[in-house]
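K.L.:
Structure in structure tokens, see below.
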Amino acid sequence: ASPLNVGLGNNIYDAKTQENNIYLSAFPRDIDGYFDSSGDFFSQTSDWFLSPFPATKFNTIAKDVSYNSQRCYYEVNPPFSPGLITKMSQQLNMHLTAADEAQRSLTFVVIIPTAHDNKDGDILHSLSYCSFQNMISSRHCCHHVVLSRRTHGYIEGSQHCRLQQFKESQFETSVIVLQSEVAMREIFGATNNDNCKDMWKKQFERGIRESFLSKHQIELEERRETKKRKSLES
């Protein structure tokens, strides 16, 4: 994913969006390092994740800011390897526990294939199932959305070798929201009202499904229309 992530830019802070356009990776010393990876995901401390302006190779000094009003949130989209996903889930739990102890707002949105218990004898599902269940049953799990196969899509990583940019997913995908206690209170309030929770979850799920809608068929139709128009013009 590094060639796609490099599009985020290597600036530590985007004043327009007020967001950090940086990313960590699993292999920063190999290919990822050439595509502006800001470092090894597994070697970063909890303090790094809890800083709204973390130090990176592009900005070696983290900004001195008040943490009281800062929300830290990250998208986590790991290589779909059972071993890496297990290690990732352990890291996320460690950082969220640290956030709880420090009374800080921290959110991870994890995007991984939905794991089933030994589905069709698939060894990848079996090996991923335990860590997957640990995440969705965790006290830090705020919401879990399952996107059915063929109802969503993604940008094709090998688009430079293909005619199409988008691809339709052939598998279920899970979007898991993991949050610290402070982050949950910021959404649901101190009362932890069930109606408030249901309203937020419905709104979040609707936005996720709309964002993940497959553009594969639309792209194919646009190509057919373009080809037809050029044929008529010639």
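Every chain in the structure tokens has a letter given in the order shown (A, B, ...), and although residue numbers restart at 1 in each chain, ligands are simply numbered from 1 in the order shown.
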Check which residues of segment 124-214 of chain A sit at most 6 Å from segment 82-94 of chain A using only C-alpha atoms, and return one row each with the closest pair of atoms and their distance in Å to one decimal, ordered by chain and rising number, as a Markdown table.

P.N.:
| residue | atom | partner | partner_atom | distance |
| --- | --- | --- | --- | --- |
| A:Leu127 | CA | A:Pro82 | CA | 5.7 |
| A:Ser128 | CA | A:Pro82 | CA | 4.8 |
| A:Ser131 | CA | A:Thr86 | CA | 5.2 |

K.L.:
Write the residues of the preceding selection, restricted to N, CA, C and O atoms, as a compact mmCIF listing (two decimals), in the first residue's frame.

P.N.:
# COMPACT_ATOMS: atom_id res chain seq x y z
N LEU A 127 -6.47 -18.99 11.65
CA LEU A 127 -5.35 -18.35 12.33
C LEU A 127 -5.66 -16.92 12.74
O LEU A 127 -5.08 -16.39 13.69
N SER A 128 -6.57 -16.26 12.00
CA SER A 128 -6.91 -14.86 12.30
C SER A 128 -8.06 -14.74 13.28
O SER A 128 -8.28 -13.66 13.85
N SER A 131 -7.48 -13.42 17.23
CA SER A 131 -7.18 -12.00 17.39
C SER A 131 -8.34 -11.14 16.92
O SER A 131 -8.62 -10.07 17.50

K.L.:
Set the distance at 9 Å and use only C-alpha atoms: which residues neighbour Phe27 of chain A once local chain neighbours fewer than 5 positions away are removed? I'd like the list as a PyMOL selection string.

P.N.:
chain A and resi 32-33+37+39-41

K.L.:
Report, in Å to a single decimal, how far apart atom CA of Asp36 of chain A and atom CA of Ile22 of chain A are.

P.N.:
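That distance, rounded to one decimal, is 8.3 Å.
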
K.L.:
What gap, in Å, lies between atom CA of Gln170 of chain A and atom CA of Thr151 of chain A?

P.N.:
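Value for the atom CA of Gln170 of chain A-atom CA of Thr151 of chain A distance: 9.0 Å.
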
K.L.:
From the list A:Ile176, A:Leu106, A:Ala99, A:Val182, which residue is nearest Cys72 of chain A when using only C-alpha atoms?

P.N.:
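Selected residue with least distance to Cys72 of chain A: A:Leu106.
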
K.L.:
Check the smallest atom-to-atom distance from each of A:Ser43, A:Ser214, A:Ser148, A:Thr114 to Lys167 of chain A using only C-alpha atoms, then report the winner.

P.N.:
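Selected residue with least distance to Lys167 of chain A: A:Ser214.
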
K.L.:
What does the structure give for the distance between atom CA of Ser105 of chain A and atom CA of Ile187 of chain A, in Å to one decimal?

P.N.:
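Here the two named atoms are 10.7 Å from each other.
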
K.L.:
Please list as a ChimeraX atom specification every residue within 12 Å of Glu101 of chain A, counting only C-alpha atoms and excluding residues in the same chain fewer than 3 positions away.

P.N.:
/A:46-47,50,94-98,104-106,180-182

K.L.:
My list of candidates is A:Val146, A:Ile208, A:Leu24, A:Leu213. Which is closest to His116 of chain A when distances are computed with only C-alpha atoms?

P.N.:
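Residue with the minimum atom-to-atom distance to His116 of chain A: A:Val146.
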
K.L.:
Between A:Gln44, A:Ile111, A:His140, A:Val177, which residue has the minimum interatomic distance to Tyr73 of chain A, considering only C-alpha atoms?

P.N.:
A:Val177
